[in-house]
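See below for the structure under consideration.
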Number of protein chains: 2
Amino acid sequence: MTEQKKIAILGGTGALGSGLAKRWAKAGHQVIVGSRTADKAQEAANALPVASGGPKAQGATNLDAARQGDIVVLTVPFSNHNALLEEIRDVVQGKIVIDAVVPLVPPKVAVVQLPAEGSAGMIAHKMIGDKARVVAAFQNVGAAKLQADEPIACDILVTSDDQEARKVVIGLIQDIGMRGVDAGPIANSAAADAMTSLLIGINKRYKVDCAGIQITGLAG
Amino acid sequence: MTEQKKIAILGGTGALGSGLAKRWAKAGHQVIVGSRTADKAQEAANALPVASGGPKAQGATNLDAARQGDIVVLTVPFSNHNALLEEIRDVVQGKIVIDAVVPLVPPKVAVVQLPAEGSAGMIAHKMIGDKARVVAAFQNVGAAKLQADEPIACDILVTSDDQEARKVVIGLIQDIGMRGVDAGPIANSAAADAMTSLLIGINKRYKVDCAGIQITGLAG
(Lines give C-alpha, C1' and ligand atoms only; values in the text may rest on other atoms or scores of the structure.)
Protein backbone atom coordinates (compact mmCIF):
# COMPACT_ATOMS: atom_id res chain seq x y z
CA MET A 1 0.00 0.00 0.00
CA THR A 2 0.99 3.61 -0.52
CA GLU A 3 1.36 5.73 2.63
CA GLN A 4 -1.84 5.81 4.69
CA LYS A 5 -4.02 8.75 3.75
CA LYS A 6 -7.16 10.38 5.11
CA ILE A 7 -9.55 10.00 2.21
CA ALA A 8 -12.76 12.02 2.42
CA ILE A 9 -15.46 10.70 0.11
CA LEU A 10 -18.16 13.29 -0.48
CA GLY A 11 -21.43 11.66 -1.41
CA GLY A 12 -19.91 8.64 0.26
CA THR A 13 -23.26 7.05 1.09
CA GLY A 14 -24.09 6.62 -2.61
CA ALA A 15 -23.33 3.57 -4.72
CA LEU A 16 -20.03 4.74 -6.20
CA GLY A 17 -18.85 6.54 -3.06
CA SER A 18 -19.56 3.65 -0.73
CA GLY A 19 -17.88 1.25 -3.14
CA LEU A 20 -14.70 3.33 -3.12
CA ALA A 21 -14.99 3.78 0.66
CA LYS A 22 -15.22 0.05 1.16
CA ARG A 23 -12.16 -0.69 -0.96
CA TRP A 24 -9.98 2.04 0.55
CA ALA A 25 -11.03 1.09 4.09
CA LYS A 26 -10.07 -2.51 3.37
CA ALA A 27 -6.73 -1.33 2.04
CA GLY A 28 -6.03 0.37 5.38
CA HIS A 29 -6.66 4.01 4.52
CA GLN A 30 -8.49 6.34 6.92
CA VAL A 31 -11.83 6.83 5.20
CA ILE A 32 -14.08 9.75 6.06
CA VAL A 33 -17.54 9.29 4.64
CA GLY A 34 -19.16 12.61 3.75
CA SER A 35 -22.88 13.09 3.31
CA ARG A 36 -25.47 15.81 3.67
CA THR A 37 -26.07 14.87 7.30
CA ALA A 38 -23.40 13.65 9.69
CA ASP A 39 -25.71 10.95 11.11
CA LYS A 40 -26.26 9.32 7.77
CA ALA A 41 -22.54 9.53 7.04
CA GLN A 42 -21.62 7.95 10.38
CA GLU A 43 -24.07 5.15 9.77
CA ALA A 44 -22.47 4.39 6.41
CA ALA A 45 -19.00 4.63 7.96
CA ASN A 46 -19.96 2.11 10.65
CA ALA A 47 -20.89 -0.39 7.96
CA LEU A 48 -17.46 -0.24 6.32
CA PRO A 49 -14.83 -2.93 6.82
CA VAL A 50 -11.80 -2.25 9.03
CA ALA A 51 -8.41 -3.44 7.79
CA SER A 52 -6.33 -5.45 10.22
CA GLY A 53 -4.51 -2.81 12.25
CA GLY A 54 -6.20 -0.14 10.16
CA PRO A 55 -8.31 2.82 11.31
CA LYS A 56 -12.08 2.79 11.65
CA ALA A 57 -13.95 4.89 9.09
CA GLN A 58 -15.55 8.11 10.28
CA GLY A 59 -18.64 9.98 9.12
CA ALA A 60 -19.12 13.73 8.72
CA THR A 61 -20.98 16.30 6.68
CA ASN A 62 -19.53 16.77 3.22
CA LEU A 63 -17.97 20.06 4.27
CA ASP A 64 -16.41 18.64 7.44
CA ALA A 65 -15.18 15.61 5.56
CA ALA A 66 -13.55 17.87 2.94
CA ARG A 67 -11.95 19.83 5.78
CA GLN A 68 -10.54 16.69 7.42
CA GLY A 69 -9.36 14.74 4.37
CA ASP A 70 -5.89 14.82 2.83
CA ILE A 71 -7.53 13.61 -0.34
CA VAL A 72 -11.09 14.63 -1.21
CA VAL A 73 -13.19 12.55 -3.59
CA LEU A 74 -16.37 13.81 -5.24
CA THR A 75 -18.98 11.11 -5.92
CA VAL A 76 -22.22 13.09 -5.94
CA PRO A 77 -24.67 13.19 -8.87
CA PHE A 78 -23.77 15.74 -11.55
CA SER A 79 -26.77 17.85 -10.53
CA ASN A 80 -25.03 18.52 -7.18
CA HIS A 81 -21.50 18.79 -8.57
CA ASN A 82 -21.14 22.54 -8.91
CA ALA A 83 -22.87 23.40 -5.64
CA LEU A 84 -20.59 21.00 -3.80
CA LEU A 85 -17.49 22.51 -5.41
CA GLU A 86 -18.67 25.95 -4.32
CA GLU A 87 -19.22 24.65 -0.79
CA ILE A 88 -15.80 23.02 -0.34
CA ARG A 89 -13.78 25.61 -2.24
CA ASP A 90 -12.38 27.28 0.85
CA VAL A 91 -11.33 24.10 2.70
CA VAL A 92 -9.43 22.20 0.00
CA GLN A 93 -6.42 24.48 -0.33
CA GLY A 94 -3.46 22.44 -1.59
CA LYS A 95 -5.35 19.16 -1.41
CA ILE A 96 -5.84 16.61 -4.14
CA VAL A 97 -9.51 16.63 -5.14
CA ILE A 98 -10.52 13.60 -7.17
CA ASP A 99 -13.56 14.30 -9.31
CA ALA A 100 -15.39 11.05 -10.01
CA VAL A 101 -18.56 12.76 -11.15
CA VAL A 102 -19.81 12.02 -14.66
CA PRO A 103 -21.83 14.69 -16.45
CA LEU A 104 -24.72 12.42 -17.46
CA VAL A 105 -27.84 14.19 -18.67
CA PRO A 106 -30.96 12.15 -17.81
CA PRO A 107 -32.97 10.65 -19.30
CA LYS A 108 -30.58 9.94 -22.21
CA VAL A 109 -27.63 8.84 -20.10
CA ALA A 110 -26.42 6.48 -22.85
CA VAL A 111 -25.87 9.40 -25.23
CA VAL A 112 -22.74 11.54 -24.89
CA GLN A 113 -23.78 15.08 -23.91
CA LEU A 114 -20.66 16.77 -22.62
CA PRO A 115 -20.94 20.14 -20.86
CA ALA A 116 -19.70 23.27 -22.63
CA GLU A 117 -16.61 23.25 -20.39
CA GLY A 118 -15.67 19.84 -21.84
CA SER A 119 -16.11 17.60 -18.80
CA ALA A 120 -17.00 17.52 -15.13
CA GLY A 121 -13.29 17.57 -14.32
CA MET A 122 -12.81 20.71 -16.42
CA ILE A 123 -15.64 22.39 -14.49
CA ALA A 124 -13.97 21.46 -11.20
CA HIS A 125 -10.62 22.63 -12.52
CA LYS A 126 -12.09 26.00 -13.44
CA MET A 127 -14.00 26.37 -10.18
CA ILE A 128 -11.38 25.29 -7.63
CA GLY A 129 -8.20 24.63 -9.63
CA ASP A 130 -6.56 27.79 -8.33
CA LYS A 131 -6.62 26.23 -4.85
CA ALA A 132 -6.88 22.46 -5.14
CA ARG A 133 -5.05 19.88 -7.23
CA VAL A 134 -7.96 18.60 -9.31
CA VAL A 135 -7.72 15.07 -10.69
CA ALA A 136 -10.50 13.34 -12.65
CA ALA A 137 -10.80 9.58 -12.25
CA PHE A 138 -13.21 6.65 -11.72
CA GLN A 139 -15.75 7.76 -14.34
CA ASN A 140 -15.88 4.34 -16.02
CA VAL A 141 -16.03 1.86 -13.17
CA GLY A 142 -19.40 0.46 -12.19
CA ALA A 143 -20.36 0.95 -8.55
CA ALA A 144 -21.54 -2.63 -8.31
CA LYS A 145 -18.10 -3.85 -9.29
CA LEU A 146 -16.45 -1.80 -6.57
CA GLN A 147 -18.89 -3.21 -4.02
CA ALA A 148 -18.05 -6.80 -4.96
CA ASP A 149 -14.91 -8.44 -3.58
CA GLU A 150 -13.64 -9.43 -6.97
CA PRO A 151 -10.94 -8.18 -9.32
CA ILE A 152 -12.29 -5.62 -11.77
CA ALA A 153 -11.43 -5.75 -15.48
CA CYS A 154 -11.49 -2.01 -15.95
CA ASP A 155 -8.72 0.55 -16.08
CA ILE A 156 -9.10 3.93 -14.41
CA LEU A 157 -8.15 6.85 -16.65
CA VAL A 158 -6.44 9.48 -14.49
CA THR A 159 -6.25 13.05 -15.76
CA SER A 160 -4.97 16.25 -14.19
CA ASP A 161 -2.85 19.23 -15.07
CA ASP A 162 -0.83 18.31 -11.94
CA GLN A 163 1.39 15.43 -12.97
CA GLU A 164 2.47 14.66 -9.41
CA ALA A 165 -1.16 14.46 -8.30
CA ARG A 166 -1.85 11.97 -11.09
CA LYS A 167 0.89 9.77 -9.67
CA VAL A 168 -0.54 9.89 -6.15
CA VAL A 169 -3.99 8.94 -7.43
CA ILE A 170 -2.58 6.11 -9.54
CA GLY A 171 -1.04 4.78 -6.31
CA LEU A 172 -4.38 4.98 -4.49
CA ILE A 173 -6.02 3.10 -7.35
CA GLN A 174 -3.40 0.39 -7.12
CA ASP A 175 -4.25 0.10 -3.41
CA ILE A 176 -7.76 -1.04 -4.33
CA GLY A 177 -6.53 -3.61 -6.80
CA MET A 178 -7.06 -1.69 -10.00
CA ARG A 179 -4.85 -0.13 -12.63
CA GLY A 180 -4.76 3.63 -13.02
CA VAL A 181 -3.55 4.89 -16.38
CA ASP A 182 -1.89 8.28 -16.67
CA ALA A 183 -4.10 9.83 -19.32
CA GLY A 184 -2.65 13.33 -19.32
CA PRO A 185 -4.11 16.77 -18.70
CA ILE A 186 -7.54 17.42 -17.20
CA ALA A 187 -8.92 18.34 -20.64
CA ASN A 188 -8.60 14.64 -21.44
CA SER A 189 -11.19 13.74 -18.81
CA ALA A 190 -13.73 14.46 -21.57
CA ALA A 191 -12.81 11.07 -23.04
CA ALA A 192 -13.54 9.26 -19.78
CA ASP A 193 -16.75 11.20 -19.16
CA ALA A 194 -17.96 10.42 -22.68
CA MET A 195 -16.97 6.78 -22.39
CA THR A 196 -19.35 6.28 -19.46
CA SER A 197 -22.37 6.91 -21.70
CA LEU A 198 -21.01 4.41 -24.21
CA LEU A 199 -20.58 1.78 -21.51
CA ILE A 200 -24.12 2.34 -20.21
CA GLY A 201 -25.43 1.85 -23.75
CA ILE A 202 -23.21 -1.17 -24.38
CA ASN A 203 -24.50 -2.80 -21.19
CA LYS A 204 -28.06 -2.48 -22.50
CA ARG A 205 -27.26 -3.43 -26.08
CA TYR A 206 -25.14 -6.48 -25.24
CA LYS A 207 -27.30 -7.44 -22.23
CA VAL A 208 -24.36 -7.41 -19.83
CA ASP A 209 -23.97 -5.48 -16.62
CA CYS A 210 -20.32 -4.72 -16.34
CA ALA A 211 -18.83 -3.40 -19.58
CA GLY A 212 -15.60 -1.54 -18.89
CA ILE A 213 -12.55 -0.33 -20.75
CA GLN A 214 -8.96 -1.41 -20.77
CA ILE A 215 -5.96 0.25 -22.32
CA THR A 216 -4.03 -2.30 -24.34
CA GLY A 217 -0.43 -2.22 -25.46
CA LEU A 218 1.10 -0.87 -22.22
CA ALA A 219 4.28 -2.48 -21.08
CA GLY A 220 4.03 -4.34 -17.78
CA MET B 1 -16.48 -12.87 -44.84
CA THR B 2 -19.57 -10.73 -45.20
CA GLU B 3 -20.89 -10.26 -48.75
CA GLN B 4 -18.26 -8.73 -51.07
CA LYS B 5 -18.55 -4.97 -51.16
CA LYS B 6 -17.02 -2.14 -53.19
CA ILE B 7 -15.22 -0.15 -50.54
CA ALA B 8 -14.00 3.30 -51.59
CA ILE B 9 -11.31 4.63 -49.29
CA LEU B 10 -10.92 8.40 -49.66
CA GLY B 11 -7.48 9.52 -48.64
CA GLY B 12 -6.57 5.91 -49.30
CA THR B 13 -2.91 6.64 -50.00
CA GLY B 14 -2.36 7.83 -46.41
CA ALA B 15 -1.23 5.69 -43.51
CA LEU B 16 -4.66 4.85 -42.08
CA GLY B 17 -6.38 4.59 -45.46
CA SER B 18 -3.79 2.31 -47.00
CA GLY B 19 -3.81 0.13 -43.87
CA LEU B 20 -7.56 -0.36 -44.15
CA ALA B 21 -7.25 -0.85 -47.92
CA LYS B 22 -4.67 -3.57 -47.42
CA ARG B 23 -6.77 -5.46 -44.91
CA TRP B 24 -10.01 -5.24 -46.88
CA ALA B 25 -8.28 -6.23 -50.13
CA LYS B 26 -6.81 -9.26 -48.37
CA ALA B 27 -10.26 -10.15 -47.09
CA GLY B 28 -11.53 -10.24 -50.69
CA HIS B 29 -13.45 -6.96 -50.90
CA GLN B 30 -13.26 -4.75 -53.99
CA VAL B 31 -11.18 -1.83 -52.79
CA ILE B 32 -11.19 1.51 -54.61
CA VAL B 33 -8.38 3.74 -53.45
CA GLY B 34 -9.31 7.40 -53.63
CA SER B 35 -6.80 10.22 -53.71
CA ARG B 36 -6.47 13.74 -55.02
CA THR B 37 -5.06 12.47 -58.30
CA ALA B 38 -6.12 9.27 -60.02
CA ASP B 39 -2.50 8.39 -60.87
CA LYS B 40 -1.37 8.41 -57.29
CA ALA B 41 -4.45 6.42 -56.30
CA GLN B 42 -3.83 3.80 -58.98
CA GLU B 43 -0.22 3.46 -57.91
CA ALA B 44 -1.31 2.78 -54.32
CA ALA B 45 -3.98 0.36 -55.55
CA ASN B 46 -1.39 -1.58 -57.53
CA ALA B 47 0.63 -2.12 -54.38
CA LEU B 48 -2.28 -3.73 -52.52
CA PRO B 49 -2.55 -7.49 -52.06
CA VAL B 50 -5.10 -9.48 -54.03
CA ALA B 51 -7.07 -12.15 -52.21
CA SER B 52 -7.16 -15.58 -53.79
CA GLY B 53 -10.02 -15.33 -56.29
CA GLY B 54 -10.62 -11.77 -55.16
CA PRO B 55 -10.75 -8.58 -57.23
CA LYS B 56 -7.80 -6.31 -57.92
CA ALA B 57 -7.94 -2.95 -56.21
CA GLN B 58 -8.62 0.11 -58.35
CA GLY B 59 -7.52 3.73 -58.04
CA ALA B 60 -9.55 6.88 -58.70
CA THR B 61 -9.94 10.47 -57.59
CA ASN B 62 -11.71 10.82 -54.26
CA LEU B 63 -14.87 11.95 -56.00
CA ASP B 64 -14.87 9.09 -58.52
CA ALA B 65 -14.08 6.60 -55.79
CA ALA B 66 -17.01 7.91 -53.72
CA ARG B 67 -19.22 7.58 -56.80
CA GLN B 68 -18.15 3.97 -57.40
CA GLY B 69 -18.14 2.60 -53.87
CA ASP B 70 -21.02 0.88 -52.07
CA ILE B 71 -19.29 1.88 -48.88
CA VAL B 72 -17.28 5.11 -48.66
CA VAL B 73 -14.59 5.53 -46.02
CA LEU B 74 -13.09 8.90 -45.07
CA THR B 75 -9.46 8.76 -43.96
CA VAL B 76 -8.21 12.26 -44.76
CA PRO B 77 -6.67 14.66 -42.22
CA PHE B 78 -9.22 16.66 -40.22
CA SER B 79 -8.15 19.81 -42.05
CA ASN B 80 -9.59 18.31 -45.29
CA HIS B 81 -12.62 16.67 -43.68
CA ASN B 82 -15.29 19.27 -44.32
CA ALA B 83 -14.18 20.11 -47.85
CA LEU B 84 -14.24 16.42 -48.76
CA LEU B 85 -17.73 16.00 -47.32
CA GLU B 86 -18.89 18.96 -49.38
CA GLU B 87 -17.29 17.43 -52.48
CA ILE B 88 -18.86 13.97 -52.16
CA ARG B 89 -22.23 15.09 -50.81
CA ASP B 90 -24.08 14.59 -54.08
CA VAL B 91 -22.68 11.14 -54.93
CA VAL B 92 -23.20 9.25 -51.67
CA GLN B 93 -26.99 9.12 -51.64
CA GLY B 94 -28.13 6.10 -49.62
CA LYS B 95 -24.58 4.84 -49.10
CA ILE B 96 -22.85 4.01 -45.85
CA VAL B 97 -20.14 6.61 -45.26
CA ILE B 98 -17.65 5.57 -42.61
CA ASP B 99 -15.97 8.57 -41.03
CA ALA B 100 -12.57 7.53 -39.66
CA VAL B 101 -11.32 11.09 -39.33
CA VAL B 102 -10.24 12.25 -35.88
CA PRO B 103 -10.53 15.97 -35.06
CA LEU B 104 -6.98 16.39 -33.80
CA VAL B 105 -5.80 19.97 -33.41
CA PRO B 106 -2.02 20.24 -33.99
CA PRO B 107 0.32 20.79 -32.35
CA LYS B 108 -1.36 19.54 -29.14
CA VAL B 109 -2.73 16.32 -30.59
CA ALA B 110 -2.45 14.57 -27.21
CA VAL B 111 -4.94 16.98 -25.65
CA VAL B 112 -8.67 16.48 -26.24
CA GLN B 113 -10.01 19.44 -28.23
CA LEU B 114 -13.36 18.37 -29.61
CA PRO B 115 -15.08 20.55 -32.21
CA ALA B 116 -18.20 22.50 -31.22
CA GLU B 117 -20.33 19.94 -33.07
CA GLY B 118 -19.05 17.26 -30.67
CA SER B 119 -17.01 15.10 -33.03
CA ALA B 120 -15.92 14.62 -36.63
CA GLY B 121 -18.73 12.10 -37.04
CA MET B 122 -21.27 14.65 -35.84
CA ILE B 123 -19.97 17.14 -38.39
CA ALA B 124 -20.35 14.55 -41.16
CA HIS B 125 -23.78 13.63 -39.87
CA LYS B 126 -24.87 17.26 -40.02
CA MET B 127 -23.31 17.87 -43.42
CA ILE B 128 -24.40 14.76 -45.34
CA GLY B 129 -26.63 12.80 -42.94
CA ASP B 130 -29.75 13.73 -44.86
CA LYS B 131 -28.37 11.72 -47.78
CA ALA B 132 -25.85 9.19 -46.55
CA ARG B 133 -25.83 6.72 -43.68
CA VAL B 134 -22.99 8.17 -41.63
CA VAL B 135 -21.07 5.81 -39.35
CA ALA B 136 -18.05 6.81 -37.28
CA ALA B 137 -15.39 4.16 -36.68
CA PHE B 138 -11.64 3.41 -36.65
CA GLN B 139 -10.65 6.51 -34.66
CA ASN B 140 -8.56 4.54 -32.16
CA VAL B 141 -6.59 2.09 -34.24
CA GLY B 142 -3.03 2.92 -35.16
CA ALA B 143 -2.25 2.92 -38.87
CA ALA B 144 0.96 0.98 -38.23
CA LYS B 145 -1.03 -1.80 -36.64
CA LEU B 146 -3.32 -2.06 -39.65
CA GLN B 147 -0.30 -2.24 -41.95
CA ALA B 148 1.23 -5.14 -40.02
CA ASP B 149 -0.03 -8.66 -40.60
CA GLU B 150 -0.71 -9.30 -36.94
CA PRO B 151 -3.79 -9.48 -34.77
CA ILE B 152 -4.62 -6.09 -33.23
CA ALA B 153 -5.55 -5.76 -29.56
CA CYS B 154 -7.91 -2.86 -30.12
CA ASP B 155 -11.69 -2.72 -30.39
CA ILE B 156 -13.36 -0.47 -32.93
CA LEU B 157 -16.15 1.66 -31.48
CA VAL B 158 -18.91 1.93 -34.08
CA THR B 159 -21.44 4.75 -33.80
CA SER B 160 -24.28 5.86 -36.03
CA ASP B 161 -27.87 6.93 -35.76
CA ASP B 162 -28.55 4.16 -38.32
CA GLN B 163 -28.55 0.92 -36.36
CA GLU B 164 -28.55 -1.26 -39.47
CA ALA B 165 -25.52 0.58 -40.85
CA ARG B 166 -23.68 -0.05 -37.56
CA LYS B 167 -24.27 -3.77 -38.08
CA VAL B 168 -22.90 -3.70 -41.63
CA VAL B 169 -19.77 -1.88 -40.48
CA ILE B 170 -19.28 -4.27 -37.56
CA GLY B 171 -19.31 -7.07 -40.16
CA LEU B 172 -16.69 -5.30 -42.29
CA ILE B 173 -14.53 -4.88 -39.19
CA GLN B 174 -14.81 -8.57 -38.45
CA ASP B 175 -13.60 -9.23 -42.00
CA ILE B 176 -10.27 -7.60 -41.15
CA GLY B 177 -9.85 -9.60 -37.98
CA MET B 178 -10.94 -7.01 -35.48
CA ARG B 179 -13.90 -6.59 -33.15
CA GLY B 180 -16.37 -3.79 -33.77
CA VAL B 181 -18.42 -2.76 -30.76
CA ASP B 182 -21.87 -1.25 -31.24
CA ALA B 183 -21.40 1.99 -29.32
CA GLY B 184 -24.72 3.63 -30.11
CA PRO B 185 -25.71 6.90 -31.77
CA ILE B 186 -23.35 9.12 -33.71
CA ALA B 187 -23.17 11.58 -30.78
CA ASN B 188 -21.18 8.89 -29.00
CA SER B 189 -18.37 9.17 -31.53
CA ALA B 190 -17.12 12.02 -29.33
CA ALA B 191 -15.84 9.37 -26.92
CA ALA B 192 -13.82 7.65 -29.63
CA ASP B 193 -12.51 10.93 -31.06
CA ALA B 194 -11.43 12.05 -27.59
CA MET B 195 -9.86 8.69 -26.81
CA THR B 196 -7.44 9.07 -29.71
CA SER B 197 -5.73 12.01 -28.03
CA LEU B 198 -5.44 9.99 -24.83
CA LEU B 199 -3.85 7.09 -26.69
CA ILE B 200 -1.34 9.39 -28.42
CA GLY B 201 -0.38 10.80 -25.02
CA ILE B 202 -0.25 7.37 -23.41
CA ASN B 203 2.09 6.13 -26.15
CA LYS B 204 4.49 8.96 -25.31
CA ARG B 205 4.13 8.72 -21.55
CA TYR B 206 4.51 4.94 -21.34
CA LYS B 207 7.06 4.80 -24.17
CA VAL B 208 5.02 2.33 -26.20
CA ASP B 209 3.83 2.63 -29.76
CA CYS B 210 0.55 0.83 -29.89
CA ALA B 211 -1.74 1.70 -26.98
CA GLY B 212 -5.33 0.84 -27.83
CA ILE B 213 -8.62 0.29 -26.06
CA GLN B 214 -10.70 -2.74 -25.39
CA ILE B 215 -14.20 -3.02 -24.07
CA THR B 216 -14.28 -5.57 -21.27
CA GLY B 217 -17.22 -7.50 -19.86
CA LEU B 218 -18.92 -8.30 -23.17
CA ALA B 219 -20.28 -11.79 -23.53
CA GLY B 220 -18.53 -13.91 -26.18
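So you can find residues: chains in the C-alpha coordinates are A, B, ... in the order shown, residues in each start at 1, and ligands are numbered from 1 in order.
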
Residue neighbourhood Asp99 in chain A, 8 Å, only C-alpha atoms, exclusion window fewer than 6 positions, as a ChimeraX atom specification: /A:73-75,120-121,124,134-137

Those selected residues, please, written with N, CA and C atoms and delivered as a PDB file, in the first residue's frame.
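Contents of result-v8.pdb, freshly written:
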```
ATOM      1  N   VAL A  73     -12.643  13.203  -2.394  1.00  0.00           N
ATOM      2  CA  VAL A  73     -13.188  12.550  -3.588  1.00  0.00           C
ATOM      3  C   VAL A  73     -14.650  12.953  -3.764  1.00  0.00           C
ATOM      4  N   LEU A  74     -14.994  13.387  -4.964  1.00  0.00           N
ATOM      5  CA  LEU A  74     -16.370  13.807  -5.239  1.00  0.00           C
ATOM      6  C   LEU A  74     -17.125  12.692  -5.943  1.00  0.00           C
ATOM      7  N   THR A  75     -18.191  12.196  -5.308  1.00  0.00           N
ATOM      8  CA  THR A  75     -18.979  11.108  -5.919  1.00  0.00           C
ATOM      9  C   THR A  75     -20.472  11.421  -5.873  1.00  0.00           C
ATOM     10  N   ALA A 120     -16.802  17.168 -16.538  1.00  0.00           N
ATOM     11  CA  ALA A 120     -16.997  17.524 -15.127  1.00  0.00           C
ATOM     12  C   ALA A 120     -15.667  17.965 -14.518  1.00  0.00           C
ATOM     13  N   GLY A 121     -14.611  17.230 -14.855  1.00  0.00           N
ATOM     14  CA  GLY A 121     -13.293  17.574 -14.321  1.00  0.00           C
ATOM     15  C   GLY A 121     -12.843  18.969 -14.723  1.00  0.00           C
ATOM     16  N   ALA A 124     -14.612  21.413 -12.522  1.00  0.00           N
ATOM     17  CA  ALA A 124     -13.966  21.461 -11.203  1.00  0.00           C
ATOM     18  C   ALA A 124     -12.650  22.227 -11.275  1.00  0.00           C
ATOM     19  N   VAL A 134      -6.809  19.360  -8.800  1.00  0.00           N
ATOM     20  CA  VAL A 134      -7.958  18.603  -9.314  1.00  0.00           C
ATOM     21  C   VAL A 134      -7.500  17.453 -10.215  1.00  0.00           C
ATOM     22  N   VAL A 135      -7.992  16.274  -9.894  1.00  0.00           N
ATOM     23  CA  VAL A 135      -7.719  15.072 -10.689  1.00  0.00           C
ATOM     24  C   VAL A 135      -9.069  14.440 -11.034  1.00  0.00           C
ATOM     25  N   ALA A 136      -9.278  14.065 -12.283  1.00  0.00           N
ATOM     26  CA  ALA A 136     -10.498  13.340 -12.651  1.00  0.00           C
ATOM     27  C   ALA A 136     -10.170  11.857 -12.773  1.00  0.00           C
ATOM     28  N   ALA A 137     -11.030  11.024 -12.218  1.00  0.00           N
ATOM     29  CA  ALA A 137     -10.800   9.578 -12.246  1.00  0.00           C
ATOM     30  C   ALA A 137     -12.094   8.841 -11.895  1.00  0.00           C
TER      31      ALA A 137
END
```

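For range 205-213 of chain A, the residues within 7 Å (counting only C-alpha atoms, excluding itself and residues fewer than 4 positions away along the chain) are Asn140, Val141, Gly142, Ala153, Cys154, Asp155, Leu199 and Gly201 of chain A; Ile213, Gln214, Ile215, Thr216, Gly217 and Leu218 of chain B.
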
Residues within 12 Å of Glu150 in chain B, only C-alpha atoms, excluding chain neighbours under 4 positions, as a list in words: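 Everything that qualifies: Arg23, Ala144, Lys145, Leu146, Cys154, Ile176, Gly177 and Met178 of chain B.
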
Residue set, range 12-218 of chain B restricted to helix (DSSP H, G or I), as number ranges by chain: B: 15-26, 38-46, 62-68, 78-91, 120-128, 143-147, 163-175, 186-205

Identify, on the basis of only C-alpha atoms, every residue whose closest approach to range 159-167 of chain B does not exceed 6 Å; exclude the query and any residue fewer than 5 positions from it along the same chain; express the result as a PDB file with N, CA and C atoms, in the first residue's frame.
```
ATOM      1  N   VAL B 135     -21.545   6.647 -40.452  1.00  0.00           N
ATOM      2  CA  VAL B 135     -21.074   5.806 -39.353  1.00  0.00           C
ATOM      3  C   VAL B 135     -19.680   6.292 -38.972  1.00  0.00           C
ATOM      4  N   ALA B 136     -19.410   6.468 -37.695  1.00  0.00           N
ATOM      5  CA  ALA B 136     -18.048   6.811 -37.278  1.00  0.00           C
ATOM      6  C   ALA B 136     -17.377   5.558 -36.731  1.00  0.00           C
ATOM      7  N   ALA B 183     -21.520   0.972 -30.376  1.00  0.00           N
ATOM      8  CA  ALA B 183     -21.398   1.988 -29.323  1.00  0.00           C
ATOM      9  C   ALA B 183     -22.486   3.054 -29.405  1.00  0.00           C
ATOM     10  N   GLY B 184     -23.559   2.755 -30.166  1.00  0.00           N
ATOM     11  CA  GLY B 184     -24.724   3.626 -30.114  1.00  0.00           C
ATOM     12  C   GLY B 184     -24.734   4.759 -31.117  1.00  0.00           C
ATOM     13  N   PRO B 185     -25.479   5.808 -30.811  1.00  0.00           N
ATOM     14  CA  PRO B 185     -25.713   6.896 -31.770  1.00  0.00           C
ATOM     15  C   PRO B 185     -24.443   7.663 -32.115  1.00  0.00           C
ATOM     16  N   ILE B 186     -24.517   8.405 -33.198  1.00  0.00           N
ATOM     17  CA  ILE B 186     -23.346   9.123 -33.711  1.00  0.00           C
ATOM     18  C   ILE B 186     -22.804  10.126 -32.690  1.00  0.00           C
ATOM     19  N   SER B 189     -19.694   9.188 -30.908  1.00  0.00           N
ATOM     20  CA  SER B 189     -18.371   9.175 -31.528  1.00  0.00           C
ATOM     21  C   SER B 189     -17.425  10.171 -30.856  1.00  0.00           C
TER      22      SER B 189
END
```

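Take the candidates B:Ile32, B:Leu16, B:Ala41, B:Val112 and check each one against chain A using only C-alpha atoms; the shortest distance goes to B:Val112.
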
Between CA of Pro103 in chain B and CA of Ala27 in chain B - distance in Å to one decimal: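 The value is 28.8 Å.
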
Separation of CA of Asp64 in chain A from CA of Asn46 in chain A, in Å and rounded to one decimal: 17.2 Å

DSSP strand (DSSP E) residues within range 14-218 of chain B, as a count of residues only: 33

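With distances restricted to only C-alpha atoms, A:Asp193 is the closest residue to chain B from A:Glu3, A:Glu43, A:Asp70, A:Asp193.
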
For CA of Ile200 in chain B and CA of Val109 in chain B, the interatomic separation in Å (one decimal):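 Rounded to one decimal, the two atoms are 7.4 Å apart.
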
Long-range neighbours of Arg89 in chain B as a PyMOL selection string, 9 Å cut-off, only C-alpha atoms, 3 positions minimum in chain: chain B and resi 84-86+92-93+127-128+131-132

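Remark: for Ala191 in chain A, the closest of the candidate residues B:Asn203, B:Gln113, B:Ser18, B:Thr61 is B:Gln113 (distances computed over only C-alpha atoms).
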